[in-house]
$ cat model18.cif   # mmCIF, C-alpha atoms
data_target
loop_
_atom_site.label_atom_id
_atom_site.label_comp_id
_atom_site.auth_asym_id
_atom_site.auth_seq_id
_atom_site.Cartn_x
_atom_site.Cartn_y
_atom_site.Cartn_z
CA MET A 206 0.00 0.00 0.00
CA ILE A 207 1.29 3.43 -0.91
CA ASP A 208 2.03 6.05 1.74
CA VAL A 209 0.26 9.08 0.28
CA VAL A 210 2.19 11.72 2.22
CA ASN A 211 5.55 10.15 1.35
CA ARG A 212 4.48 9.98 -2.30
CA ILE A 213 3.58 13.69 -2.31
CA ASN A 214 6.90 14.51 -0.68
CA GLU A 215 8.78 12.31 -3.16
CA LEU A 216 7.13 14.03 -6.14
CA ARG A 217 7.70 17.47 -4.61
CA LYS A 218 11.39 16.82 -4.06
CA ALA A 219 11.80 15.30 -7.54
CA ARG A 220 10.66 18.63 -8.97
CA GLY A 221 12.82 20.65 -6.60
CA TRP A 222 9.74 22.33 -5.16
CA SER A 223 9.57 23.77 -1.68
CA VAL A 224 6.45 23.21 0.40
CA TYR A 225 5.56 26.82 -0.33
CA ARG A 226 5.85 26.23 -4.10
CA LEU A 227 3.69 23.11 -3.83
CA SER A 228 1.10 25.09 -1.90
CA GLN A 229 1.08 27.80 -4.56
CA GLU A 230 0.74 25.29 -7.39
CA CYS A 231 -2.09 23.47 -5.58
CA GLY A 232 -3.91 26.45 -4.14
CA LEU A 233 -3.65 24.87 -0.69
CA SER A 234 -2.11 26.56 2.31
CA ALA A 235 1.49 25.77 3.18
CA THR A 236 0.27 25.13 6.73
CA THR A 237 -2.04 22.38 5.49
CA ILE A 238 0.78 20.69 3.59
CA HIS A 239 3.19 21.04 6.53
CA LYS A 240 0.58 19.33 8.74
CA TRP A 241 0.59 16.37 6.33
CA PHE A 242 4.36 16.05 6.56
CA GLU A 243 4.26 16.39 10.35
CA GLN A 244 1.54 13.72 10.44
CA LYS A 245 -0.88 16.08 12.17
CA SER A 246 -3.45 15.61 9.41
CA TYR A 247 -3.90 13.53 6.28
CA PRO A 248 -4.86 14.66 2.76
CA ASN A 249 -8.36 13.69 1.62
CA LEU A 250 -9.13 12.60 -1.94
CA PRO A 251 -9.99 16.09 -3.26
CA ALA A 252 -6.68 17.36 -1.86
CA ILE A 253 -4.80 14.48 -3.50
CA GLU A 254 -6.54 15.26 -6.81
CA THR A 255 -5.47 18.90 -6.46
CA VAL A 256 -1.88 17.83 -5.80
CA CYS A 257 -1.99 15.54 -8.85
CA GLU A 258 -3.20 18.41 -11.03
CA ALA A 259 -0.32 20.56 -9.79
CA PHE A 260 2.16 17.79 -10.61
CA GLY A 261 0.52 17.19 -14.00
CA ILE A 262 -0.27 13.56 -13.24
CA THR A 263 -3.41 11.48 -12.93
CA LEU A 264 -4.62 9.72 -9.79
CA PRO A 265 -3.70 6.31 -11.26
CA GLU A 266 -0.19 7.60 -11.94
CA PHE A 267 0.02 8.93 -8.40
CA PHE A 268 -0.97 5.60 -6.93
CA SER A 269 1.06 3.47 -9.34
CA GLU A 270 4.15 1.97 -7.89
CA GLY A 271 5.81 1.73 -11.28
CA LYS A 272 7.53 4.32 -13.39
CA LEU A 273 5.91 7.76 -13.26
CA VAL A 274 4.72 9.10 -16.59
CA GLU A 275 4.05 12.83 -16.65
CA ILE A 276 1.32 14.36 -18.76
CA THR A 277 2.41 17.17 -21.03
CA PRO A 278 0.20 20.28 -21.22
CA GLU A 279 -0.90 19.08 -24.67
CA ASN A 280 -1.88 15.64 -23.31
CA LYS A 281 -3.63 17.24 -20.36
CA VAL A 282 -5.91 19.22 -22.70
CA LEU A 283 -6.83 16.03 -24.53
CA TYR A 284 -7.34 14.11 -21.30
CA THR A 285 -9.58 16.71 -19.70
CA SER A 286 -11.55 17.27 -22.92
CA TRP A 287 -12.14 13.55 -23.40
CA GLY A 288 -14.49 13.40 -20.43
CA CYS A 289 -16.82 15.95 -22.05
CA LEU A 290 -17.35 13.87 -25.19
CA THR A 291 -20.20 11.51 -25.92
CA ARG A 292 -19.53 7.82 -26.48
CA GLU A 293 -20.10 8.33 -30.22
CA GLU A 294 -17.64 11.24 -30.35
CA LYS A 295 -15.03 9.19 -28.50
CA THR A 296 -15.48 6.34 -30.98
CA LEU A 297 -15.09 8.68 -33.95
CA ILE A 298 -11.99 10.32 -32.50
CA THR A 299 -10.45 6.94 -31.70
CA LYS A 300 -11.01 5.83 -35.30
CA LEU A 301 -9.46 9.07 -36.59
CA ILE A 302 -6.41 8.54 -34.39
CA ASP A 303 -6.08 4.95 -35.64
CA VAL A 304 -6.12 6.17 -39.26
CA CYS A 305 -3.54 8.87 -38.51
CA VAL A 306 -1.23 6.39 -36.78
CA LYS A 307 -1.50 3.92 -39.67
CA ASN A 308 -0.73 6.69 -42.18
CA HIS A 309 2.23 7.81 -40.12
CA LYS A 310 3.59 4.24 -39.85
CA SER A 311 3.18 3.64 -43.58
CA LYS A 312 5.30 6.74 -44.34
CA ASN A 313 8.14 5.51 -42.12
#
$ encode --input "model18.cif" --output "structure tokens"
Amino acid sequence: MIDVVNRINELRKARGWSVYRLSQECGLSATTIHKWFEQKSYPNLPAIETVCEAFGITLPEFFSEGKLVEITPENKVLYTSWGCLTREEKTLITKLIDVCVKNHKSKN
């Protein structure tokens, strides 16, 4: 089982962020984040989601124990937009992507 607070701290340090910088990126108070690290409180799911957004990762990536894959700003736009689409729109876009990939592979 993953230790959420240690994971947040690990990701923060990997980016060279201070607690203050993390708080600014998340929109949470530095006091709140310090309390997590001092084990005086624990982040709830909405707070973890906010932290993930600041790090540019998804919840599954946060909780994965494998290699971390960061989402680029371009990917993030696609990812967040995807949820607004209907099933039919998602199917059409998936087919379009498949065609584009096949065309790209045939040129190489």
$ atom_distance --input "model18.cif" --atom1 "CA of Leu264 (chain A)" --atom2 "CA of Ile298 (chain A)"
23.9 Å
$ resolve_selection --input "model18.cif" --expression "the PyMOL selection byres ((chain A and resi 238-254) around 8)" --output "VMD selection string"
chain A and resid 209 to 211 214 224 228 233 to 237 255 to 258 263 to 264
$ write_last_selection --input "model18.cif" --atoms "C-alpha atoms" --output "PDB file, in the coordinates of the input"
ATOM      1  CA  VAL A 209       0.260   9.080   0.280  1.00  0.00           C
ATOM      2  CA  VAL A 210       2.190  11.720   2.220  1.00  0.00           C
ATOM      3  CA  ASN A 211       5.550  10.150   1.350  1.00  0.00           C
ATOM      4  CA  ASN A 214       6.900  14.510  -0.680  1.00  0.00           C
ATOM      5  CA  VAL A 224       6.450  23.210   0.400  1.00  0.00           C
ATOM      6  CA  SER A 228       1.100  25.090  -1.900  1.00  0.00           C
ATOM      7  CA  LEU A 233      -3.650  24.870  -0.690  1.00  0.00           C
ATOM      8  CA  SER A 234      -2.110  26.560   2.310  1.00  0.00           C
ATOM      9  CA  ALA A 235       1.490  25.770   3.180  1.00  0.00           C
ATOM     10  CA  THR A 236       0.270  25.130   6.730  1.00  0.00           C
ATOM     11  CA  THR A 237      -2.040  22.380   5.490  1.00  0.00           C
ATOM     12  CA  THR A 255      -5.470  18.900  -6.460  1.00  0.00           C
ATOM     13  CA  VAL A 256      -1.880  17.830  -5.800  1.00  0.00           C
ATOM     14  CA  CYS A 257      -1.990  15.540  -8.850  1.00  0.00           C
ATOM     15  CA  GLU A 258      -3.200  18.410 -11.030  1.00  0.00           C
ATOM     16  CA  THR A 263      -3.410  11.480 -12.930  1.00  0.00           C
ATOM     17  CA  LEU A 264      -4.620   9.720  -9.790  1.00  0.00           C
TER      18      LEU A 264
END
$ atom_distance --input "model18.cif" --atom1 "CA of Cys289 (chain A)" --atom2 "CA of Glu230 (chain A)"
24.7 Å
$ closest_residue --input "model18.cif" --among "A:Ile213, A:His309, A:Gly261, A:Leu297" --to "Val282 (chain A)" --atoms "all atoms listed in the file"
A:Gly261
$ atom_distance --input "model18.cif" --atom1 "CA of Ile262 (chain A)" --atom2 "CA of Glu293 (chain A)"
26.6 Å
$ closest_residue --input "model18.cif" --among "A:Thr285, A:Phe267, A:Thr291, A:Lys300" --to "Glu215 (chain A)" --atoms "only C-alpha atoms"
A:Phe267
$ axis_aligned_box --input "model18.cif" --around "region 239-250 of chain A" --padding-each-side "4 Å" --output "lines of an AutoDock Vina configuration file"
center_x = -2.4
center_y = 16.8
center_z = 5.1
size_x = 21.5
size_y = 16.4
size_z = 22.1
$ residues_around --input "model18.cif" --residues "Ile207 (chain A)" --least-positions-apart "6" --cutoff "9 Å" --atoms "all atoms listed in the file" --output "list in words"
Phe268, Ser269 and Glu270 of chain A
$ closest_residue --input "model18.cif" --among "A:Arg217, A:Pro265, A:Arg292, A:Phe260" --to "Thr277 (chain A)" --atoms "all atoms listed in the file"
A:Phe260
